[in-house]
Every structure is written in C-alpha cells, then in structure tokens.
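What follows is one structure encoded as structure tokens, with my remarks underneath.
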Amino acid sequence: TLLSQDERYAAAFQRVHTYVLNPKCISMGELYGEFNALTQEWTDGLASSIMRSATADESDDKHWVVFDGPVDALWIENMNTVLDDNMTLCLASGARIKLKNQMRVLFEVQDLAQASPATVSRCGMVYVTPTDLGWKPYVQSWIASVKCEFLTPT
C-alpha cells in the first residue's frame with residue numbers, strides 16, 4: 001500500500017482491502033443475515049455486512065472478499081447471483097446488494113465435491129498441486145503454530 005500512496009505508482013498499485021472469512025464455521029443466518037422471530041427485524045450477517053461496507057466505499061480502492069473454507073451446497077448456492085453477470089447478492093429479506101466493479105469474490109477451497117455445476121461454471125479456477133507448493137508453506141504454518149504455543153500463557 002505504500003506504493004499506492006506514491007504518486008509515481010498510484011495507478012499501477014492500488015489499495016486493496018481484504019476480508020477473509022470461513023463460511024463453514026458459522027450458521028447461514030450469521031453468514032448472510034436473518035429475521036428475528038420475536039422482533040421481526042432483519043439483522044445482516046457477516047458476508048452481507050462486508051459487502052454493504054465495500055459497496056458504500058466511494059474510493060477507487062479494490063475490495064476482495066475471500067471465502068476460505070470448505071464448500072457447502074447450502075452457502076455456496078446463495079453466491080450464484082454474485083458470480084453471474086448481475087454481480088448482486090440477494091438476501092432472504094428481499095434486499096439486493098449490487099457489487100461494484102472494484103470488488104472481487106475469491107474462494108479458497110480444498111475441493112469442489114459439494115459445488116453444483118452451475119456454481120463451478122461461474123468461477124475461474126486455479127489449481128495448485130501440493131508438489132508445486134513445495135515445503136515452505138508447511139514450515140511457515142508450523143512456525144506460526146509453534147509461536148502461538150509459546151506465546152499462550154499456561
């Protein structure tokens with residue numbers, strides 16, 4: 001982001017805001033939003049809140065929403081309207097969030113066993129084999145876990 005602040009490189013190096021979430025570790029209501037049965041009020045979920053805040057940004061900054069976790073047929077099917085030409089998140093409340101051209105949605109998954117052909121056909125795929133990754137990611141992950149163990153008070 002320092003390069004984006006330098007006037008010489010501002011056009012080539014734009015500021016990118018990333019939002020990383022694991023959609024499988026929360027409920028559908030927590031992800032997209034839900035109605036409260038008692039108050040009949042709508043509460044936005046994590047993904048819808050992120051999308052709303054990113055669309056409200058008036059700058060030319062890029063916004064990347066990364067869904068990092070296993071694909072589940074329940075949550076991924078709700079993304080179909082985001083992935084097609086409409087680029088719109090449709091919520092159960094009837095609200096529609098139109099994504100801006102500066103926004104991107106990325107899925108980092110292990111496999112596509114639970115994704116429908118309709119979802120897969122809307123996505124660009126990058127496959128990286130474990131042998132292409134090499135040993136460095138494994139060591140970096142292990143070092144990060146060891147640091148956490150030593151920093152955690154016992």
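So you can find residues: chains in the structure tokens are A, B, ... in the order shown, residues in each start at 1, and ligands are numbered from 1 in order.
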
- Surrounding residues of A:Leu83 excluding itself and chain neighbours under 3 positions, 8 Å, only C-alpha atoms, as number ranges by chain: A: 79-80, 86-87, 119, 122-123

For the selection you just gave me, I'd like the residues written to a file as a short mmCIF file (atom, residue, chain, number, x, y, z; two decimals), in the first residue's frame, keeping N, CA, C and O atoms.
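So result05.cif came out as:
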data_model
loop_
_atom_site.label_atom_id
_atom_site.label_comp_id
_atom_site.auth_asym_id
_atom_site.auth_seq_id
_atom_site.Cartn_x
_atom_site.Cartn_y
_atom_site.Cartn_z
N MET A 79 -24.45 -17.79 -3.48
CA MET A 79 -23.48 -16.92 -4.15
C MET A 79 -23.64 -16.91 -5.66
O MET A 79 -22.97 -16.15 -6.34
N ASN A 80 -24.54 -17.73 -6.21
CA ASN A 80 -24.67 -17.82 -7.65
C ASN A 80 -25.00 -16.48 -8.30
O ASN A 80 -24.47 -16.15 -9.36
N ASN A 86 -24.95 -10.47 -13.07
CA ASN A 86 -25.65 -9.50 -12.23
C ASN A 86 -24.77 -8.92 -11.13
O ASN A 86 -24.95 -7.78 -10.73
N MET A 87 -23.86 -9.73 -10.62
CA MET A 87 -22.98 -9.34 -9.51
C MET A 87 -23.80 -8.74 -8.36
O MET A 87 -23.51 -7.69 -7.83
N THR A 119 -22.48 -23.49 -10.15
CA THR A 119 -21.54 -22.67 -9.39
C THR A 119 -20.15 -22.77 -9.99
O THR A 119 -19.47 -21.75 -10.17
N ARG A 122 -19.41 -20.73 -13.09
CA ARG A 122 -19.34 -19.27 -12.92
C ARG A 122 -17.99 -18.80 -12.38
O ARG A 122 -17.75 -17.62 -12.26
N CYS A 123 -17.13 -19.73 -12.00
CA CYS A 123 -15.87 -19.38 -11.35
C CYS A 123 -14.68 -19.67 -12.26
O CYS A 123 -14.70 -20.61 -13.04
#

- Item | Residue nearest A:Asp85 - candidates A:Ile143, A:Val20, A:Cys25, A:Leu99, atoms counted: only C-alpha atoms | A:Leu99

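The gap separating atom CA of A:Pro117 from atom CA of A:Ala95 is 26.0 Å, in Å to one decimal.
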
- Query: Looking only at the backbone, which of the residues in stretch 49-117 of chain A does DSSP tag as helix (DSSP H, G or I), as a PyMOL selection string?
  - Reply: chain A and resi 49-56+73-77+80-83+117

Same residues, N, CA, C and O atoms, saved as a PDB file, in the first residue's frame:
ATOM      1  N   SER A  49     -22.770  -7.837   5.604  1.00  0.00           N
ATOM      2  CA  SER A  49     -22.197  -6.615   6.196  1.00  0.00           C
ATOM      3  C   SER A  49     -20.927  -6.196   5.466  1.00  0.00           C
ATOM      4  O   SER A  49     -20.723  -5.007   5.189  1.00  0.00           O
ATOM      5  N   ILE A  50     -20.089  -7.174   5.151  1.00  0.00           N
ATOM      6  CA  ILE A  50     -18.854  -6.876   4.417  1.00  0.00           C
ATOM      7  C   ILE A  50     -19.184  -6.322   3.039  1.00  0.00           C
ATOM      8  O   ILE A  50     -18.610  -5.316   2.602  1.00  0.00           O
ATOM      9  N   MET A  51     -20.125  -6.945   2.356  1.00  0.00           N
ATOM     10  CA  MET A  51     -20.495  -6.481   1.012  1.00  0.00           C
ATOM     11  C   MET A  51     -21.100  -5.077   1.059  1.00  0.00           C
ATOM     12  O   MET A  51     -20.815  -4.242   0.209  1.00  0.00           O
ATOM     13  N   ARG A  52     -21.933  -4.814   2.052  1.00  0.00           N
ATOM     14  CA  ARG A  52     -22.531  -3.475   2.183  1.00  0.00           C
ATOM     15  C   ARG A  52     -21.470  -2.414   2.424  1.00  0.00           C
ATOM     16  O   ARG A  52     -21.494  -1.336   1.828  1.00  0.00           O
ATOM     17  N   SER A  53     -20.539  -2.702   3.324  1.00  0.00           N
ATOM     18  CA  SER A  53     -19.500  -1.711   3.625  1.00  0.00           C
ATOM     19  C   SER A  53     -18.591  -1.484   2.426  1.00  0.00           C
ATOM     20  O   SER A  53     -18.169  -0.363   2.155  1.00  0.00           O
ATOM     21  N   ALA A  54     -18.303  -2.539   1.674  1.00  0.00           N
ATOM     22  CA  ALA A  54     -17.444  -2.396   0.496  1.00  0.00           C
ATOM     23  C   ALA A  54     -18.153  -1.608  -0.605  1.00  0.00           C
ATOM     24  O   ALA A  54     -17.517  -0.804  -1.298  1.00  0.00           O
ATOM     25  N   THR A  55     -19.448  -1.815  -0.776  1.00  0.00           N
ATOM     26  CA  THR A  55     -20.174  -1.061  -1.799  1.00  0.00           C
ATOM     27  C   THR A  55     -20.380   0.388  -1.387  1.00  0.00           C
ATOM     28  O   THR A  55     -20.554   1.252  -2.243  1.00  0.00           O
ATOM     29  N   ALA A  56     -20.355   0.668  -0.095  1.00  0.00           N
ATOM     30  CA  ALA A  56     -20.516   2.044   0.376  1.00  0.00           C
ATOM     31  C   ALA A  56     -19.248   2.871   0.195  1.00  0.00           C
ATOM     32  O   ALA A  56     -19.305   4.100   0.220  1.00  0.00           O
ATOM     33  N   ALA A  73     -22.970 -26.986  -0.057  1.00  0.00           N
ATOM     34  CA  ALA A  73     -24.037 -26.683  -1.016  1.00  0.00           C
ATOM     35  C   ALA A  73     -24.978 -25.604  -0.495  1.00  0.00           C
ATOM     36  O   ALA A  73     -25.542 -24.837  -1.271  1.00  0.00           O
ATOM     37  N   LEU A  74     -25.132 -25.494   0.815  1.00  0.00           N
ATOM     38  CA  LEU A  74     -26.058 -24.501   1.376  1.00  0.00           C
ATOM     39  C   LEU A  74     -25.571 -23.072   1.160  1.00  0.00           C
ATOM     40  O   LEU A  74     -26.299 -22.226   0.650  1.00  0.00           O
ATOM     41  N   TRP A  75     -24.359 -22.771   1.553  1.00  0.00           N
ATOM     42  CA  TRP A  75     -23.921 -21.376   1.459  1.00  0.00           C
ATOM     43  C   TRP A  75     -23.438 -21.002   0.065  1.00  0.00           C
ATOM     44  O   TRP A  75     -23.575 -19.853  -0.357  1.00  0.00           O
ATOM     45  N   ILE A  76     -22.891 -21.934  -0.688  1.00  0.00           N
ATOM     46  CA  ILE A  76     -22.333 -21.594  -1.996  1.00  0.00           C
ATOM     47  C   ILE A  76     -23.435 -21.303  -3.013  1.00  0.00           C
ATOM     48  O   ILE A  76     -23.265 -20.458  -3.890  1.00  0.00           O
ATOM     49  N   GLU A  77     -24.590 -21.943  -2.888  1.00  0.00           N
ATOM     50  CA  GLU A  77     -25.679 -21.702  -3.844  1.00  0.00           C
ATOM     51  C   GLU A  77     -26.203 -20.270  -3.739  1.00  0.00           C
ATOM     52  O   GLU A  77     -26.671 -19.707  -4.716  1.00  0.00           O
ATOM     53  N   ASN A  80     -24.535 -17.733  -6.207  1.00  0.00           N
ATOM     54  CA  ASN A  80     -24.670 -17.824  -7.654  1.00  0.00           C
ATOM     55  C   ASN A  80     -25.000 -16.477  -8.303  1.00  0.00           C
ATOM     56  O   ASN A  80     -24.475 -16.154  -9.362  1.00  0.00           O
ATOM     57  N   THR A  81     -25.865 -15.680  -7.696  1.00  0.00           N
ATOM     58  CA  THR A  81     -26.198 -14.380  -8.293  1.00  0.00           C
ATOM     59  C   THR A  81     -25.040 -13.402  -8.177  1.00  0.00           C
ATOM     60  O   THR A  81     -24.942 -12.464  -8.960  1.00  0.00           O
ATOM     61  N   VAL A  82     -24.162 -13.616  -7.218  1.00  0.00           N
ATOM     62  CA  VAL A  82     -22.963 -12.779  -7.108  1.00  0.00           C
ATOM     63  C   VAL A  82     -21.987 -13.134  -8.226  1.00  0.00           C
ATOM     64  O   VAL A  82     -21.335 -12.264  -8.798  1.00  0.00           O
ATOM     65  N   LEU A  83     -21.924 -14.408  -8.557  1.00  0.00           N
ATOM     66  CA  LEU A  83     -20.944 -14.885  -9.523  1.00  0.00           C
ATOM     67  C   LEU A  83     -21.360 -14.703 -10.976  1.00  0.00           C
ATOM     68  O   LEU A  83     -20.516 -14.752 -11.853  1.00  0.00           O
ATOM     69  N   PRO A 117     -22.620 -27.860 -10.657  1.00  0.00           N
ATOM     70  CA  PRO A 117     -22.032 -27.435 -11.935  1.00  0.00           C
ATOM     71  C   PRO A 117     -22.322 -25.967 -12.255  1.00  0.00           C
ATOM     72  O   PRO A 117     -21.499 -25.295 -12.860  1.00  0.00           O
TER      73      PRO A 117
END
